[in-house]
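The file entry37.pdb contains PDB, C-alpha atoms:
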```
ATOM      1  CA  MET C 130     -24.322   6.969  16.979
ATOM      2  CA  ARG C 131     -21.767   4.199  17.357
ATOM      3  CA  PHE C 132     -20.793   2.211  20.406
ATOM      4  CA  ARG C 133     -17.955  -0.163  21.120
ATOM      5  CA  LEU C 134     -17.635  -3.399  23.038
ATOM      6  CA  CYS C 135     -14.097  -4.353  24.038
ATOM      7  CA  THR C 136     -12.589  -7.376  25.680
ATOM      8  CA  THR C 137      -8.990  -8.271  26.430
ATOM      9  CA  LEU C 138      -7.524 -11.607  25.398
ATOM     10  CA  ALA C 139      -4.061 -13.021  25.924
ATOM     11  CA  VAL C 140      -2.572 -11.661  22.720
ATOM     12  CA  ALA C 141      -4.740  -8.689  21.837
ATOM     13  CA  THR C 142      -7.562  -6.445  22.831
ATOM     14  CA  ILE C 143     -10.534  -6.903  20.534
ATOM     15  CA  CYS C 144     -12.945  -4.038  19.936
ATOM     16  CA  LEU C 145     -16.093  -4.507  17.909
ATOM     17  CA  THR C 146     -17.734  -1.395  16.499
ATOM     18  CA  PHE C 147     -21.502  -1.375  16.082
ATOM     19  CA  ALA C 148     -23.835   1.022  14.330
ATOM     20  CA  ASP C 149     -26.877   2.355  16.186
ATOM     21  CA  SER C 150     -29.653   2.310  13.581
ATOM     22  CA  THR C 151     -32.371   3.692  15.836
ATOM     23  CA  ARG C 152     -31.992   7.271  14.572
ATOM     24  CA  ALA C 153     -34.476   8.216  11.885
ATOM     25  CA  ASP C 154     -31.780  10.045   9.913
ATOM     26  CA  ALA C 155     -29.168   7.286  10.254
ATOM     27  CA  PRO C 156     -27.405   6.378   6.994
ATOM     28  CA  ALA C 157     -27.746   2.939   5.459
ATOM     29  CA  PRO C 158     -25.858   0.278   7.472
ATOM     30  CA  GLN C 159     -22.186   0.050   6.526
ATOM     31  CA  GLN C 160     -20.071  -3.084   6.763
ATOM     32  CA  LEU C 161     -17.784  -2.338   9.688
ATOM     33  CA  LEU C 162     -14.314  -3.562  10.472
ATOM     34  CA  THR C 163     -13.296  -5.454  13.573
ATOM     35  CA  GLU C 164     -10.369  -3.992  15.480
ATOM     36  CA  VAL C 165      -7.657  -5.690  17.483
ATOM     37  CA  VAL C 166      -4.616  -4.357  19.283
ATOM     38  CA  VAL C 167      -1.397  -6.210  18.456
ATOM     39  CA  PRO C 168       1.691  -5.448  20.590
ATOM     40  CA  SER C 169       4.778  -4.413  18.645
ATOM     41  CA  THR C 170       7.469  -7.058  18.807
ATOM     42  CA  ILE C 171      10.078  -4.274  18.966
ATOM     43  CA  ASP C 172       8.876  -1.823  21.613
ATOM     44  CA  LYS C 173       5.802  -3.706  22.955
ATOM     45  CA  SER C 174       3.571  -0.686  22.294
ATOM     46  CA  PRO C 175      -0.068  -1.471  21.391
ATOM     47  CA  GLN C 176      -0.685  -1.164  17.661
ATOM     48  CA  ARG C 177      -4.195  -1.108  16.193
ATOM     49  CA  VAL C 178      -5.157  -3.431  13.356
ATOM     50  CA  ARG C 179      -8.538  -3.612  11.653
ATOM     51  CA  TYR C 180      -9.768  -6.497   9.563
ATOM     52  CA  ARG C 181     -12.748  -7.837   7.663
ATOM     53  CA  LEU C 182     -13.600 -11.454   6.879
ATOM     54  CA  PRO C 183     -15.400 -12.853   3.847
ATOM     55  CA  GLU C 184     -18.633 -14.709   4.367
ATOM     56  CA  GLY C 185     -18.157 -18.011   6.168
ATOM     57  CA  ALA C 186     -14.644 -17.265   7.360
ATOM     58  CA  LYS C 187     -13.867 -17.929  11.004
ATOM     59  CA  SER C 188     -10.812 -17.936  13.214
ATOM     60  CA  ARG C 189      -8.754 -21.053  13.852
ATOM     61  CA  ALA C 190     -10.117 -21.112  17.401
ATOM     62  CA  GLU C 191     -13.709 -21.121  16.153
ATOM     63  CA  GLN C 192     -13.223 -23.703  13.427
ATOM     64  CA  GLN C 193     -10.052 -25.732  12.976
ATOM     65  CA  ASP C 194     -10.818 -26.989   9.470
ATOM     66  CA  GLN C 195     -11.213 -23.572   7.843
ATOM     67  CA  PRO C 196      -9.941 -23.452   4.245
ATOM     68  CA  ALA C 197      -6.800 -21.403   3.738
ATOM     69  CA  ARG C 198      -7.653 -17.989   2.325
ATOM     70  CA  PRO C 199      -5.616 -15.319   0.527
ATOM     71  CA  LEU C 200      -4.689 -12.273   2.603
ATOM     72  CA  LEU C 201      -4.813  -8.669   1.399
ATOM     73  CA  VAL C 202      -2.849  -6.224   3.530
ATOM     74  CA  MET C 203      -3.764  -2.630   2.721
ATOM     75  CA  LEU C 204      -1.730   0.308   4.011
ATOM     76  CA  HIS C 205      -3.036   3.733   4.989
ATOM     77  CA  SER C 206      -1.910   6.910   3.268
ATOM     78  CA  TRP C 207       0.622   9.587   4.213
ATOM     79  CA  SER C 208      -1.501  11.897   6.377
ATOM     80  CA  HIS C 209      -3.886   9.306   7.797
ATOM     81  CA  GLY C 210      -4.045   6.327  10.107
ATOM     82  CA  ILE C 211      -6.309   3.437  10.859
ATOM     83  CA  ASP C 212      -9.494   5.513  10.734
ATOM     84  CA  GLN C 213      -9.097   5.841   6.967
ATOM     85  CA  ARG C 214     -11.404   3.692   4.841
ATOM     86  CA  PHE C 215     -10.942   2.098   1.414
ATOM     87  CA  GLU C 216     -14.297   0.414   0.924
ATOM     88  CA  ASP C 217     -13.686  -0.344  -2.765
ATOM     89  CA  PHE C 218     -10.543  -2.322  -1.921
ATOM     90  CA  GLU C 219     -12.311  -4.013   0.995
ATOM     91  CA  SER C 220     -15.255  -5.020  -1.169
ATOM     92  CA  GLU C 221     -13.061  -6.334  -3.966
ATOM     93  CA  ALA C 222     -11.149  -8.472  -1.466
ATOM     94  CA  ILE C 223     -14.261  -9.789   0.266
ATOM     95  CA  GLU C 224     -15.938 -10.681  -3.034
ATOM     96  CA  ARG C 225     -12.900 -12.809  -3.863
ATOM     97  CA  GLY C 226     -13.069 -14.580  -0.502
ATOM     98  CA  TRP C 227      -9.906 -12.908   0.780
ATOM     99  CA  ILE C 228      -9.210 -11.761   4.319
ATOM    100  CA  PHE C 229      -8.681  -7.981   4.477
ATOM    101  CA  VAL C 230      -6.239  -6.559   7.039
ATOM    102  CA  PHE C 231      -5.593  -2.837   7.599
ATOM    103  CA  PRO C 232      -2.796  -2.090  10.109
ATOM    104  CA  GLU C 233      -1.869   1.254  11.610
ATOM    105  CA  PHE C 234       1.893   1.558  11.323
ATOM    106  CA  ARG C 235       2.435   4.534  13.665
ATOM    107  CA  GLY C 236      -0.234   6.656  11.977
ATOM    108  CA  ALA C 237       0.246   9.831   9.947
ATOM    109  CA  ASN C 238       3.803  10.744   9.001
ATOM    110  CA  LEU C 239       4.321  13.381  11.679
ATOM    111  CA  ARG C 240       7.111  11.884  13.829
ATOM    112  CA  PRO C 241      10.237   9.730  13.538
ATOM    113  CA  GLU C 242       8.397   6.548  14.556
ATOM    114  CA  ALA C 243       6.244   6.801  11.387
ATOM    115  CA  CYS C 244       7.147   7.195   7.700
ATOM    116  CA  GLY C 245       8.856   3.892   6.959
ATOM    117  CA  SER C 246      10.768   3.601  10.229
ATOM    118  CA  LYS C 247      11.847   0.179  11.461
ATOM    119  CA  LEU C 248       9.002   0.372  13.979
ATOM    120  CA  ALA C 249       6.463   1.070  11.229
ATOM    121  CA  GLN C 250       7.838  -1.742   9.086
ATOM    122  CA  GLN C 251       7.597  -4.164  11.990
ATOM    123  CA  ASP C 252       4.017  -3.102  12.724
ATOM    124  CA  ILE C 253       3.044  -4.347   9.265
ATOM    125  CA  LEU C 254       4.947  -7.603   9.705
ATOM    126  CA  ASP C 255       3.379  -8.071  13.144
ATOM    127  CA  ALA C 256      -0.090  -7.586  11.648
ATOM    128  CA  ILE C 257       0.634 -10.285   9.068
ATOM    129  CA  ASP C 258       1.979 -12.627  11.739
ATOM    130  CA  TRP C 259      -1.158 -11.997  13.818
ATOM    131  CA  ALA C 260      -3.382 -12.803  10.827
ATOM    132  CA  GLU C 261      -1.469 -15.999  10.082
ATOM    133  CA  THR C 262      -1.785 -17.084  13.700
ATOM    134  CA  THR C 263      -5.464 -16.195  14.009
ATOM    135  CA  PHE C 264      -6.767 -17.414  10.646
ATOM    136  CA  ARG C 265      -5.780 -20.029   8.095
ATOM    137  CA  ILE C 266      -3.931 -17.916   5.526
ATOM    138  CA  ASP C 267      -2.809 -19.242   2.163
ATOM    139  CA  GLU C 268       0.916 -18.549   2.450
ATOM    140  CA  LYS C 269       1.219 -18.675  -1.321
ATOM    141  CA  ARG C 270      -1.154 -15.718  -1.679
ATOM    142  CA  ILE C 271      -0.209 -12.873   0.649
ATOM    143  CA  TYR C 272      -0.776  -9.575  -1.127
ATOM    144  CA  LEU C 273       0.136  -5.974  -0.310
ATOM    145  CA  THR C 274      -1.314  -2.722  -1.610
ATOM    146  CA  GLY C 275      -1.609   0.978  -0.796
ATOM    147  CA  ILE C 276      -2.250   4.431  -2.230
ATOM    148  CA  SER C 277      -0.034   7.540  -1.884
ATOM    149  CA  GLY C 278       1.747   7.133   1.469
ATOM    150  CA  GLY C 279       0.401   3.587   1.387
ATOM    151  CA  GLY C 280       2.032   3.205  -2.018
ATOM    152  CA  HIS C 281       5.277   4.442  -0.472
ATOM    153  CA  MET C 282       5.069   1.803   2.254
ATOM    154  CA  THR C 283       3.985  -0.895  -0.201
ATOM    155  CA  MET C 284       7.121  -0.343  -2.253
ATOM    156  CA  LEU C 285       9.326  -0.081   0.838
ATOM    157  CA  MET C 286       8.000  -3.329   2.331
ATOM    158  CA  ALA C 287       8.264  -5.091  -1.033
ATOM    159  CA  GLY C 288      11.887  -4.009  -1.323
ATOM    160  CA  LYS C 289      12.852  -4.796   2.270
ATOM    161  CA  TYR C 290      10.888  -8.028   2.757
ATOM    162  CA  PRO C 291      10.160  -9.478  -0.697
ATOM    163  CA  GLU C 292      10.049 -13.001   0.691
ATOM    164  CA  ARG C 293       6.987 -12.165   2.807
ATOM    165  CA  PHE C 294       4.727 -11.294  -0.129
ATOM    166  CA  THR C 295       3.334 -12.960  -3.237
ATOM    167  CA  ALA C 296       2.754  -9.704  -5.130
ATOM    168  CA  ALA C 297       2.353  -5.991  -4.420
ATOM    169  CA  SER C 298       0.413  -3.125  -6.003
ATOM    170  CA  ALA C 299       1.529   0.460  -5.283
ATOM    171  CA  TRP C 300      -0.531   3.439  -6.429
ATOM    172  CA  VAL C 301       0.770   7.023  -6.731
ATOM    173  CA  GLY C 302       3.490   6.213  -4.210
ATOM    174  CA  ILE C 303       6.563   8.163  -3.130
ATOM    175  CA  SER C 304       9.742   6.266  -3.972
ATOM    176  CA  ASN C 305      12.355   8.905  -3.067
ATOM    177  CA  LEU C 306      11.672  10.976   0.052
ATOM    178  CA  ALA C 307      14.559  13.364  -0.529
ATOM    179  CA  THR C 308      13.365  14.502  -3.957
ATOM    180  CA  TRP C 309       9.765  14.605  -2.756
ATOM    181  CA  HIS C 310      10.824  16.783   0.176
ATOM    182  CA  ASP C 311      12.569  19.174  -2.174
ATOM    183  CA  ARG C 312       9.395  19.569  -4.232
ATOM    184  CA  HIS C 313       7.370  20.345  -1.106
ATOM    185  CA  ALA C 314      10.069  21.996   1.014
ATOM    186  CA  GLN C 315       7.934  25.087   1.670
ATOM    187  CA  GLY C 316       4.719  23.186   2.318
ATOM    188  CA  LYS C 317       3.219  20.714   4.752
ATOM    189  CA  TYR C 318       4.698  17.611   3.147
ATOM    190  CA  GLY C 319       8.194  19.021   3.389
ATOM    191  CA  GLU C 320       7.541  19.854   7.037
ATOM    192  CA  MET C 321       6.294  16.324   7.641
ATOM    193  CA  CYS C 322       9.379  14.819   5.995
ATOM    194  CA  ARG C 323      11.624  16.925   8.225
ATOM    195  CA  ALA C 324       9.642  15.894  11.325
ATOM    196  CA  CYS C 325      10.142  12.237  10.456
ATOM    197  CA  CYS C 326      13.750  12.325   9.239
ATOM    198  CA  GLY C 327      15.150  14.971  11.610
ATOM    199  CA  GLY C 328      15.618  17.812   9.139
ATOM    200  CA  ALA C 329      16.048  18.612   5.464
ATOM    201  CA  PRO C 330      18.135  16.453   3.114
ATOM    202  CA  GLY C 331      21.741  17.590   3.050
ATOM    203  CA  THR C 332      21.702  18.865   6.628
ATOM    204  CA  SER C 333      23.860  16.034   7.948
ATOM    205  CA  ALA C 334      24.970  12.498   7.137
ATOM    206  CA  THR C 335      22.672  11.193   9.872
ATOM    207  CA  ILE C 336      19.622  12.903   8.396
ATOM    208  CA  ASP C 337      20.539  11.798   4.872
ATOM    209  CA  ALA C 338      20.745   8.232   6.176
ATOM    210  CA  GLU C 339      17.187   8.549   7.478
ATOM    211  CA  TYR C 340      15.898   9.655   4.065
ATOM    212  CA  HIS C 341      17.796   6.789   2.435
ATOM    213  CA  ALA C 342      16.506   4.151   4.858
ATOM    214  CA  ARG C 343      12.884   5.238   4.374
ATOM    215  CA  SER C 344      12.948   5.548   0.565
ATOM    216  CA  PRO C 345      11.839   2.499  -1.451
ATOM    217  CA  ILE C 346      13.973   3.396  -4.448
ATOM    218  CA  HIS C 347      17.078   2.145  -2.634
ATOM    219  CA  PHE C 348      15.619  -1.316  -1.942
ATOM    220  CA  LEU C 349      13.479  -2.264  -4.937
ATOM    221  CA  ALA C 350      16.401  -4.002  -6.626
ATOM    222  CA  SER C 351      16.126  -6.689  -3.956
ATOM    223  CA  ALA C 352      12.517  -7.346  -4.932
ATOM    224  CA  ALA C 353      13.491  -7.623  -8.604
ATOM    225  CA  LYS C 354      16.262 -10.098  -7.814
ATOM    226  CA  VAL C 355      13.780 -12.521  -6.245
ATOM    227  CA  LYS C 356      11.219 -11.766  -9.006
ATOM    228  CA  LEU C 357       8.502 -10.402  -6.730
ATOM    229  CA  PRO C 358       5.734  -9.106  -9.024
ATOM    230  CA  ILE C 359       5.149  -5.398  -8.321
ATOM    231  CA  ASP C 360       2.422  -3.303  -9.930
ATOM    232  CA  ILE C 361       3.257   0.429  -9.917
ATOM    233  CA  ALA C 362       0.643   2.888 -11.157
ATOM    234  CA  ALA C 363       0.030   6.634 -11.267
ATOM    235  CA  GLY C 364      -2.439   9.040 -12.847
ATOM    236  CA  ILE C 365      -0.962  11.277 -15.527
ATOM    237  CA  HIS C 366      -2.236  14.445 -13.797
ATOM    238  CA  ASP C 367      -0.668  13.687 -10.418
ATOM    239  CA  GLY C 368       2.069  16.176  -9.629
ATOM    240  CA  HIS C 369       0.081  18.824 -11.494
ATOM    241  CA  ASP C 370      -3.270  18.478  -9.745
ATOM    242  CA  GLY C 371      -1.927  16.127  -7.050
ATOM    243  CA  SER C 372       1.034  15.930  -4.698
ATOM    244  CA  VAL C 373       3.152  13.079  -6.110
ATOM    245  CA  PRO C 374       4.747  13.549  -9.555
ATOM    246  CA  ILE C 375       4.600  10.475 -11.776
ATOM    247  CA  ARG C 376       8.397  10.459 -11.864
ATOM    248  CA  GLN C 377       8.288   8.880  -8.406
ATOM    249  CA  SER C 378       6.573   5.853  -9.979
ATOM    250  CA  LEU C 379       8.661   5.813 -13.161
ATOM    251  CA  ASP C 380      11.952   5.961 -11.248
ATOM    252  CA  ALA C 381      10.765   3.124  -9.020
ATOM    253  CA  PHE C 382       9.966   0.980 -12.053
ATOM    254  CA  ASN C 383      13.393   1.681 -13.528
ATOM    255  CA  GLN C 384      14.978   0.148 -10.430
ATOM    256  CA  LEU C 385      13.078  -3.050 -11.191
ATOM    257  CA  ALA C 386      13.895  -2.912 -14.904
ATOM    258  CA  GLN C 387      17.621  -2.515 -14.265
ATOM    259  CA  GLN C 388      17.646  -5.829 -12.407
ATOM    260  CA  THR C 389      15.426  -7.730 -14.854
ATOM    261  CA  PRO C 390      17.057  -9.394 -17.892
ATOM    262  CA  GLY C 391      15.478  -8.225 -21.125
ATOM    263  CA  ALA C 392      13.635  -5.278 -19.562
ATOM    264  CA  ALA C 393      14.279  -1.730 -20.729
ATOM    265  CA  VAL C 394      14.277   1.331 -18.504
ATOM    266  CA  ILE C 395      12.056   4.289 -19.299
ATOM    267  CA  SER C 396      14.361   6.939 -20.743
ATOM    268  CA  GLU C 397      14.865  10.448 -19.426
ATOM    269  CA  ALA C 398      13.303  11.792 -22.617
ATOM    270  CA  GLU C 399      10.216   9.635 -22.102
ATOM    271  CA  ILE C 400       9.959  10.652 -18.447
ATOM    272  CA  ALA C 401      10.111  14.306 -19.491
ATOM    273  CA  GLU C 402       7.395  13.803 -22.121
ATOM    274  CA  LEU C 403       5.068  12.090 -19.658
ATOM    275  CA  SER C 404       5.810  14.537 -16.847
ATOM    276  CA  ALA C 405       4.692  17.571 -18.845
ATOM    277  CA  LYS C 406       1.167  18.780 -18.144
ATOM    278  CA  ASN C 407      -1.176  16.455 -20.075
ATOM    279  CA  GLY C 408       1.997  14.663 -21.128
ATOM    280  CA  ARG C 409       2.106  12.061 -23.888
ATOM    281  CA  LEU C 410       4.829   9.877 -25.364
ATOM    282  CA  LYS C 411       5.951  10.991 -28.810
ATOM    283  CA  SER C 412       6.718   7.407 -29.806
ATOM    284  CA  PRO C 413       4.586   5.077 -27.691
ATOM    285  CA  ARG C 414       5.358   1.370 -27.746
ATOM    286  CA  GLU C 415       2.759  -1.305 -28.339
ATOM    287  CA  SER C 416       2.473  -1.990 -24.603
ATOM    288  CA  ASP C 417       1.809   1.719 -23.980
ATOM    289  CA  GLN C 418      -1.399   1.385 -25.969
ATOM    290  CA  GLU C 419      -2.871  -1.569 -24.106
ATOM    291  CA  VAL C 420      -6.534  -1.656 -23.150
ATOM    292  CA  ASP C 421      -7.139  -2.863 -19.588
ATOM    293  CA  ASP C 422     -10.785  -3.403 -18.713
ATOM    294  CA  THR C 423      -9.939  -3.820 -15.018
ATOM    295  CA  LEU C 424      -8.451  -0.319 -15.035
ATOM    296  CA  GLY C 425     -11.170   1.267 -17.134
ATOM    297  CA  ARG C 426      -8.972   4.228 -18.092
ATOM    298  CA  ALA C 427      -6.860   5.244 -21.052
ATOM    299  CA  ILE C 428      -3.250   4.103 -20.698
ATOM    300  CA  TYR C 429      -0.434   6.431 -21.754
ATOM    301  CA  CYS C 430       2.506   4.299 -20.664
ATOM    302  CA  ARG C 431       2.714   0.651 -19.641
ATOM    303  CA  ARG C 432       6.033  -1.131 -19.429
ATOM    304  CA  TYR C 433       7.038  -4.516 -18.069
ATOM    305  CA  ALA C 434      10.003  -5.886 -16.141
ATOM    306  CA  GLY C 435       9.381  -9.603 -15.861
ATOM    307  CA  ALA C 436       6.158 -10.028 -13.884
ATOM    308  CA  SER C 437       6.276  -6.398 -12.706
ATOM    309  CA  ARG C 438       4.862  -3.410 -14.531
ATOM    310  CA  VAL C 439       4.285   0.334 -14.425
ATOM    311  CA  THR C 440       1.146   2.048 -15.697
ATOM    312  CA  ILE C 441       0.552   5.755 -16.278
ATOM    313  CA  PHE C 442      -3.158   6.203 -16.817
ATOM    314  CA  GLU C 443      -5.790   8.869 -17.317
ATOM    315  CA  GLY C 444      -6.385  10.026 -13.767
ATOM    316  CA  GLY C 445      -4.891  11.816 -10.820
ATOM    317  CA  HIS C 446      -3.832  11.023  -7.278
ATOM    318  CA  GLU C 447      -5.866   7.845  -6.816
ATOM    319  CA  GLY C 448      -5.920   4.074  -6.731
ATOM    320  CA  ILE C 449      -8.225   1.736  -8.643
ATOM    321  CA  ALA C 450      -9.223  -1.344  -6.693
ATOM    322  CA  THR C 451     -10.386  -3.493  -9.610
ATOM    323  CA  ALA C 452      -7.050  -3.126 -11.397
ATOM    324  CA  ALA C 453      -4.965  -3.610  -8.262
ATOM    325  CA  LEU C 454      -6.669  -6.819  -7.177
ATOM    326  CA  ALA C 455      -6.867  -8.207 -10.712
ATOM    327  CA  PHE C 456      -3.072  -7.887 -10.905
ATOM    328  CA  LEU C 457      -2.530  -9.440  -7.472
ATOM    329  CA  GLU C 458      -4.929 -12.306  -8.153
ATOM    330  CA  LYS C 459      -2.853 -13.469 -11.122
ATOM    331  CA  HIS C 460       0.047 -14.368  -8.870
ATOM    332  CA  ALA C 461       0.625 -17.267  -6.498
ATOM    333  CA  LYS C 462       3.894 -18.738  -5.262
TER     334      LYS C 462
END
```

Rendering of file as structure tokens:
Amino acid sequence: MRFRLCTTLAVATICLTFADSTRADAPAPQQLLTEVVVPSTIDKSPQRVRYRLPEGAKSRAEQQDQPARPLLVMLHSWSHGIDQRFEDFESEAIERGWIFVFPEFRGANLRPEACGSKLAQQDILDAIDWAETTFRIDEKRIYLTGISGGGHMTMLMAGKYPERFTAASAWVGISNLATWHDRHAQGKYGEMCRACCGGAPGTSATIDAEYHARSPIHFLASAAKVKLPIDIAAGIHDGHDGSVPIRQSLDAFNQLAQQTPGAAVISEAEIAELSAKNGRLKSPRESDQEVDDTLGRAIYCRRYAGASRVTIFEGGHEGIATAALAFLEKHAK
């Protein structure tokens, strides 16, 4: 059994969640997140944000001389909201002494207010602003990450607001909603895209504009121009045993490569080779054969565009916390 204690402050309602360990069959205690409600600066609606602090961390109000700490903002996936849990990412952040923040940006992608809308984008920015006001955040180390729909929003936020972040790590994300809709037009993801964007791509100029505005692929060039390091990764089996083909990641990387002097795009022939079931490159480059102990998986393609990279690894529709945070940790403004 769980119970909640809530109190309302001037800027947010704080709800602490406790575990009742009196039951004989209760599971081992789990580190729980603290929840606040942060009003949207656009429509004033209450938006839930959960967070976790590393040992010794306190708010500015509790202790003025707190050391500045890095911030990890993690984004929920396509069909979920704030009740989703990524304990591996949380634990990796906490072990590094980072503050972990998990905002709900209009929840699952079932309505126009969700799925990369301006409201959803602002919810994430508002959560960061709240964290910076409440805690001492190292402004040179503000990191962003997410898996699947969270990867979609990670890339979108990195492209739209590259100045707000130090580095980003997007796993199995959707970069082009129109092409992803077409793949899933007869299924639930196609239906969800239509619910968010007002219909199918090609129905009208207005609807096409919605798909464009919510698709990271149209904005990643801006991130490359300011040299924001972006880590893009996908499991080779996704799209076969998962919902997001690796092309969504490879096309996103190519947008970065096109804007990065000296970087080469991944060719159509290479994309086709990798996109086949159990795909492999016929002529892998040296970087495609790297060994990455933080990833712990075989790598089939790894390419670089400045400080950014793409990795296609042995796996499926998943994210790997150790690799994501190891990449982020390397970067500071």

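Take the PyMOL selection byres ((chain C and resi 252) around 8) and apply it to this file: it picks Ser169, Gln176, Pro232, Glu233, Phe234, Arg235, Leu248, Ala249, Gln250, Gln251, Ile253, Leu254, Asp255 and Ala256 of chain C.
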
Excluding Pro199 (chain C) and residues on its chain fewer than 6 positions from it, collect all residues at most 9 Å away from it, counting all atoms listed in the file, and give them as a list in words.
Arg225, Gly226, Trp227, Ile228, Phe229, Arg265, Ile266, Asp267, Glu268, Lys269, Arg270, Ile271 and Tyr272 of chain C

Interface rows for region 295-411 of chain C against region 446-458 of chain C: nearest pair, Å to one decimal, 12 Å, all atoms listed in the file, as CSV:
```
residue,atom,partner,partner_atom,distance
C:Thr295,CA,C:Leu457,CA,8.0
C:Ala296,CA,C:Leu457,CA,5.8
C:Ala297,CA,C:Leu457,CA,6.7
C:Ser298,CA,C:Ala453,CA,5.9
C:Ala299,CA,C:Ala453,CA,8.2
C:Trp300,CA,C:Gly448,CA,5.4
C:Val301,CA,C:His446,CA,6.1
C:Gly302,CA,C:His446,CA,9.3
C:Ile303,CA,C:His446,CA,11.6
C:Leu357,CA,C:Leu457,CA,11.1
C:Pro358,CA,C:Leu457,CA,8.4
C:Ile359,CA,C:Leu457,CA,8.7
C:Asp360,CA,C:Phe456,CA,7.2
C:Ile361,CA,C:Ala453,CA,9.3
C:Ala362,CA,C:Gly448,CA,8.0
C:Ala363,CA,C:His446,CA,7.1
C:Gly364,CA,C:His446,CA,6.1
C:Ile365,CA,C:His446,CA,8.7
C:His366,CA,C:His446,CA,7.5
C:Asp367,CA,C:His446,CA,5.2
C:Gly368,CA,C:His446,CA,8.2
C:His369,CA,C:His446,CA,9.7
C:Asp370,CA,C:His446,CA,7.9
C:Gly371,CA,C:His446,CA,5.5
C:Ser372,CA,C:His446,CA,7.4
C:Val373,CA,C:His446,CA,7.4
C:Pro374,CA,C:His446,CA,9.2
C:Ile375,CA,C:His446,CA,9.6
C:Ser378,CA,C:His446,CA,11.9
```

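Interatomic distance, CA of Thr308 (chain C) to CA of Lys354 (chain C): 25.1 Å.
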
Which centre and which edge lengths, in Å to one decimal, describe the axis-aligned box that holds all listed atoms of region 423-436 of chain C after 8 Å is added on each side, as lines of an AutoDock Vina configuration file?
```
center_x = -0.6
center_y = -1.8
center_z = -17.8
size_x = 37.2
size_y = 32.5
size_z = 23.9
```

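Proximity ranking of C:Ser396, C:Thr332, C:Thr423, C:Ser174 relative to Asp380 (chain C) places C:Ser396 first, based on all atoms listed in the file.
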
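Residue nearest Ala190 (chain C), chosen from C:Thr283, C:Gln315, C:Thr262, C:Asn305 and counting all atoms listed in the file: C:Thr262.
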
Residues in the PyMOL selection byres ((chain C and resi 323) around 12), expressed as a CSV table (one decimal) with C-alpha atoms, in the frame of the given file:
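For reference, expr-v2.csv as written:
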```
chain,number,residue,atom,x,y,z
C,238,ASN,CA,3.8,10.7,9.0
C,239,LEU,CA,4.3,13.4,11.7
C,240,ARG,CA,7.1,11.9,13.8
C,241,PRO,CA,10.2,9.7,13.5
C,243,ALA,CA,6.2,6.8,11.4
C,244,CYS,CA,7.1,7.2,7.7
C,306,LEU,CA,11.7,11.0,0.1
C,307,ALA,CA,14.6,13.4,-0.5
C,309,TRP,CA,9.8,14.6,-2.8
C,310,HIS,CA,10.8,16.8,0.2
C,311,ASP,CA,12.6,19.2,-2.2
C,313,HIS,CA,7.4,20.3,-1.1
C,314,ALA,CA,10.1,22.0,1.0
C,315,GLN,CA,7.9,25.1,1.7
C,316,GLY,CA,4.7,23.2,2.3
C,317,LYS,CA,3.2,20.7,4.8
C,318,TYR,CA,4.7,17.6,3.1
C,319,GLY,CA,8.2,19.0,3.4
C,320,GLU,CA,7.5,19.9,7.0
C,321,MET,CA,6.3,16.3,7.6
C,322,CYS,CA,9.4,14.8,6.0
C,324,ALA,CA,9.6,15.9,11.3
C,325,CYS,CA,10.1,12.2,10.5
C,326,CYS,CA,13.8,12.3,9.2
C,327,GLY,CA,15.2,15.0,11.6
C,328,GLY,CA,15.6,17.8,9.1
C,329,ALA,CA,16.0,18.6,5.5
C,330,PRO,CA,18.1,16.5,3.1
C,331,GLY,CA,21.7,17.6,3.0
C,332,THR,CA,21.7,18.9,6.6
C,336,ILE,CA,19.6,12.9,8.4
C,337,ASP,CA,20.5,11.8,4.9
C,339,GLU,CA,17.2,8.5,7.5
C,340,TYR,CA,15.9,9.7,4.1
```

Fewer than 6 positions away in the same chain doesn't count, so skip those; otherwise give me all residues within 7 Å of His205 (chain C), counting all atoms listed in the file, as an mmCIF file with C-alpha atoms, in the frame of the given file.
```cif
data_model
loop_
_atom_site.group_PDB
_atom_site.id
_atom_site.type_symbol
_atom_site.label_atom_id
_atom_site.label_comp_id
_atom_site.auth_asym_id
_atom_site.auth_seq_id
_atom_site.Cartn_x
_atom_site.Cartn_y
_atom_site.Cartn_z
ATOM 1 C CA ILE C 211 -6.309 3.437 10.859
ATOM 2 C CA GLN C 213 -9.097 5.841 6.967
ATOM 3 C CA GLY C 275 -1.609 0.978 -0.796
ATOM 4 C CA GLY C 278 1.747 7.133 1.469
ATOM 5 C CA GLY C 279 0.401 3.587 1.387
#
```

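Between CA of Ile346 (chain C) and CA of Met282 (chain C) there is a distance of 11.3 Å.
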
Skipping near chain neighbours, those fewer than 2 positions away, what residues fall within 8 Å of Pro291 (chain C) using only C-alpha atoms, listed as a ChimeraX atom specification?
/C:286-289,293-294,351-352,355,357

Once you have the residues from the selection above, write them out as an mmCIF file, in the coordinates of the input, restricted to C-alpha atoms.
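out-v5.cif, freshly written:
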```
data_model
loop_
_atom_site.group_PDB
_atom_site.id
_atom_site.type_symbol
_atom_site.label_atom_id
_atom_site.label_comp_id
_atom_site.auth_asym_id
_atom_site.auth_seq_id
_atom_site.Cartn_x
_atom_site.Cartn_y
_atom_site.Cartn_z
ATOM 1 C CA MET C 286 8.000 -3.329 2.331
ATOM 2 C CA ALA C 287 8.264 -5.091 -1.033
ATOM 3 C CA GLY C 288 11.887 -4.009 -1.323
ATOM 4 C CA LYS C 289 12.852 -4.796 2.270
ATOM 5 C CA ARG C 293 6.987 -12.165 2.807
ATOM 6 C CA PHE C 294 4.727 -11.294 -0.129
ATOM 7 C CA SER C 351 16.126 -6.689 -3.956
ATOM 8 C CA ALA C 352 12.517 -7.346 -4.932
ATOM 9 C CA VAL C 355 13.780 -12.521 -6.245
ATOM 10 C CA LEU C 357 8.502 -10.402 -6.730
#
```
